[in-house]
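*Asks:* Sharing a structure, written as structure tokens. Questions coming.
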Amino acid sequence: MKQIWIITKKELKGYFDSLMAYILIVVFLGLSGFFTWLYGSFDVFYINQATMQPFFSVAYWTLFIFIPALTMKQLAEEYKTGTIELLLTKPVSDWQVVTGKFLATFLLIATTLALTLPYYISIASIGPIDHGSVLTGYLGLLLMSAAYISLGIFASSITSNQIVAFLLALIIGVFFQILFGIMSGAFPGTIGDVISYMDMQYHYHSITRGVIDSKNIIYFATIIMAGLMASELSLVKRNIN
Amino acid sequence: MDISVKNVTKMYGTQKALDNLSFEVKTGEILGFLGPNGAGKTTTMKAITCYISPNEGDILLGGTSVAKSPDLVKKSIGYLPESNPLYLDMPVMDYLAFIGELQGVSKEIIEFQVQKMVRICGLNLEKHKKIGELSKGFKQRVGLAQALIHDPEVLILDEPTTGLDPNQIIEIRELIKEIGKEKTVILSSHILAEVEATCDRVLIINKGKIVADGTPESLRKEAQGKEILKVGVNANDRNDVFTSLQQLPEVDLVSFVDDSKLFEIESKVGMSSVESIFRMCVDKGWFLTQLTPVEKNLEDVFRELTK
């Protein structure tokens, strides 16, 4: 656990030293703030209701684009510069490296989301808000981010080219974000059910509506674990070729 | 801490990088690792440092198996990988502290250790710069510093002096020698003079197998075989000298060197012709200008063994 934390600290510091973190925070707050308060046909004033739903819908898509940009360098750059050898010959396991990096990106996203709490406080002060659904909304965003971070690290673990890692993470993401939802309609019966279960929006929306079902939690936990384990496997693969 | 490599075989696809390789290194020994490109030097080092696992065989560090408890083994190793990879966007001090923490250096002494490494490796003026801003020689020093930060029992250095200027090379060699007194050091290099200057023992490998093992002197002697002398004789007729030299009982072969009065003499196996050449010149009243043994250097040994 200590080793994981050492890596997490270093990666987090890297995000803040390279401006990456500040850009993310400013752009994310700007975009989500704009759509929540100002956009017009969509914002809280237009809906005339004290709700965080506009924010959650915008955040869902913004994070979908931002997360691959954060994870693309995680392992790809280590491969390219050879520092992966340096890291793995220290007393850390492959798993600790992967989870350390995962945790760093997750904490950065969590910090960014924490900075949107003023939105919540302002909306709560202008009308009655459903506190439960805000809470589950944030939970949904965190789970969804964790899932995409995990997939993003996997994409970064199979190439030494950051651009490839970014695009690959987006392509994998698009399947979970949209394509599974569309495809499920095309397949009848059990196959359709399975594919629609893979659709992330379905799980995300059911959580943000305030319903926390174990099947949603299991869905996200499975993607997170699968992504991390696949990344670990591609690190172990250095022994095979 | 002793290192023992036992019957290690490593395959890359169908290519055998290490072929049933076995050797031992004792505490306080500095082992020089020589071999042509692709001989398996780096692969061996990667296997000892737990970066890759061999297909067969095992490596023991002080009795602990690399395959079974890598985390324990990694703690006692300081490793400088081949191309000296570094996190270029980290400042020197932060980087050393990060590696120290990973290596389990306790919080109380980590600051002290970082300062000590900065001093030993001569990084004082550069310590607040980002690693990416340093010149190659200073990067190499940072690489060495990170390998030494936790005071490891075993030091593994893959070409430690590339990119350093001659003064730095001597400093680093001295440093390695100093460390090597109580620790186990393995270093690879393609500079033979360096291996000769620093190492107690030399291991030459080729195609994943050991082809020579011994002190630099013993290797040279082994390869020497016959005594070769360069002889200069000041006499009127050099053909006369030539025939006289050839008649000596110990001499096997005489040849002219250039057009001057220099000869190269190969003695018969196990014999030395130095004395009889001297006596002959005294008897004939010739003036001896030169009598030098031609020593084979490590380079010749290397070339013969790895051709």
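In the structure tokens, each chain is lettered A, B, ... as it comes, each chain's residues begin at 1, and ligands are numbered from 1 in order of appearance.
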Name the residues in contact with segment 94-111 of chain B at a cut-off of 8 Å, using only C-alpha atoms, excluding same-chain residues fewer than 2 positions from it; report them as a PyMOL selection string.
*Replies:* (chain A and resi 3+6+10+90-92) or (chain B and resi 75+87+90-92+113-115+145-146+149-150)
*Asks:* Go ahead and save the picked residues with C-alpha atoms, as a CSV table (one decimal), in the first residue's frame.
*Replies:*
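Saved result, out23.csv, follows:
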chain,number,residue,atom,x,y,z
A,3,GLN,CA,4.5,1.7,-2.5
A,6,ILE,CA,4.5,6.8,-3.3
A,10,LYS,CA,4.7,11.3,-7.8
A,90,LYS,CA,12.6,-1.1,-7.7
A,91,PRO,CA,10.8,-3.0,-5.0
A,92,VAL,CA,7.3,-2.4,-6.6
B,75,LYS,CA,15.7,-3.8,-2.2
B,87,TYR,CA,12.0,11.2,-15.5
B,90,MET,CA,11.4,16.0,-12.4
B,91,PRO,CA,13.9,18.1,-10.5
B,92,VAL,CA,17.1,16.2,-9.4
B,113,GLN,CA,20.8,10.4,1.9
B,114,VAL,CA,19.8,12.7,-1.0
B,115,GLN,CA,22.3,15.3,0.2
B,145,ALA,CA,23.1,8.6,-7.6
B,146,GLN,CA,19.7,6.9,-7.8
B,149,ILE,CA,20.6,6.1,-2.8
B,150,HIS,CA,19.6,3.2,-0.5
*Asks:* Among the residues of segment 25-161 of chain B, find those DSSP assigns to strand (DSSP E or B) from the backbone and print them as a PyMOL selection string.
*Replies:* chain B and resi 25+30-34+56-61+64-65+77-80+91+130+154-158
*Asks:* Using only C-alpha atoms, I'd like every residue of chain A that has an atom within 10 Å of chain B; please write them out as a ChimeraX atom specification.
*Replies:* /A:2-7,9-10,13-14,17-18,77-78,80-93,236-241
*Asks:* Save the residues we just selected, C-alpha atoms, as a tab-separated table (two decimals), in the first residue's frame?
*Replies:*
chain	number	residue	atom	x	y	z
A	2	LYS	CA	2.85	2.35	0.85
A	3	GLN	CA	4.48	1.73	-2.51
A	4	ILE	CA	1.21	2.47	-4.33
A	5	TRP	CA	0.93	5.76	-2.48
A	6	ILE	CA	4.51	6.77	-3.34
A	7	ILE	CA	3.74	6.28	-7.03
A	9	LYS	CA	2.07	11.06	-5.07
A	10	LYS	CA	4.68	11.27	-7.80
A	13	LYS	CA	2.75	15.98	-8.61
A	14	GLY	CA	3.54	15.36	-12.27
A	17	ASP	CA	3.89	20.42	-12.42
A	18	SER	CA	3.02	20.00	-16.08
A	77	GLU	CA	5.69	7.42	-21.94
A	78	GLU	CA	7.37	5.06	-19.49
A	80	LYS	CA	9.12	5.21	-24.68
A	81	THR	CA	11.72	6.67	-22.35
A	82	GLY	CA	12.60	3.30	-20.79
A	83	THR	CA	11.79	4.50	-17.28
A	84	ILE	CA	9.49	1.51	-16.91
A	85	GLU	CA	12.64	-0.59	-16.44
A	86	LEU	CA	13.84	1.79	-13.77
A	87	LEU	CA	10.52	1.62	-11.98
A	88	LEU	CA	10.01	-2.12	-12.13
A	89	THR	CA	13.51	-2.92	-10.88
A	90	LYS	CA	12.64	-1.06	-7.67
A	91	PRO	CA	10.75	-2.96	-4.98
A	92	VAL	CA	7.33	-2.41	-6.57
A	93	SER	CA	5.17	-4.96	-8.30
A	236	VAL	CA	3.99	-8.85	-17.46
A	237	LYS	CA	4.01	-9.55	-21.19
A	238	ARG	CA	7.60	-8.21	-21.43
A	239	ASN	CA	8.65	-11.69	-20.33
A	240	ILE	CA	6.97	-13.49	-23.18
A	241	ASN	CA	8.22	-12.00	-26.44
*Asks:* Rounded to one decimal place, report the atom CA of Gly210 of chain A-atom CA of Met144 of chain A distance in Å.
*Replies:* 15.1 Å
*Asks:* Near Met52 of chain A, within 9 Å and counting only C-alpha atoms, which residues show up once chain neighbours fewer than 5 positions away are dropped, as a PyMOL selection string?
*Replies:* chain A and resi 36+44+57+119-120+123+129-130+133-134+137
*Asks:* Keeping only C-alpha atoms, take the residues you just selected and write them out as an mmCIF file, in the first residue's frame.
*Replies:*
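What ended up in part23.cif:
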data_model
loop_
_atom_site.group_PDB
_atom_site.id
_atom_site.type_symbol
_atom_site.label_atom_id
_atom_site.label_comp_id
_atom_site.auth_asym_id
_atom_site.auth_seq_id
_atom_site.Cartn_x
_atom_site.Cartn_y
_atom_site.Cartn_z
ATOM 1 C CA THR A 36 -25.279 24.557 -16.050
ATOM 2 C CA VAL A 44 -31.207 25.569 -14.515
ATOM 3 C CA SER A 57 -25.107 15.322 -18.270
ATOM 4 C CA TYR A 119 -22.500 24.916 -8.048
ATOM 5 C CA TYR A 120 -24.399 22.553 -5.806
ATOM 6 C CA ILE A 123 -28.421 25.764 -6.717
ATOM 7 C CA ILE A 129 -33.053 20.384 -4.376
ATOM 8 C CA ASP A 130 -33.156 16.618 -4.125
ATOM 9 C CA SER A 133 -29.947 12.498 -6.269
ATOM 10 C CA VAL A 134 -27.054 14.989 -6.171
ATOM 11 C CA GLY A 137 -25.006 11.887 -9.245
#
*Asks:* Under the rule that only C-alpha atoms are counted, which of A:Tyr60, A:Tyr39, A:Phe66, A:Glu11 is the nearest residue to Leu24 of chain A?
*Replies:*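 Residue with the minimum atom-to-atom distance to Leu24 of chain A: A:Phe66.
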*Asks:* What does the distance from atom CA of Phe42 of chain A to atom CA of His131 of chain A come to in Å, to one decimal?
*Replies:* 20.5 Å
*Asks:* How far is it from atom CA of Ala235 of chain B to atom CA of Ser276 of chain B, in Å with one decimal?
*Replies:*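 So the answer is 17.1 Å.
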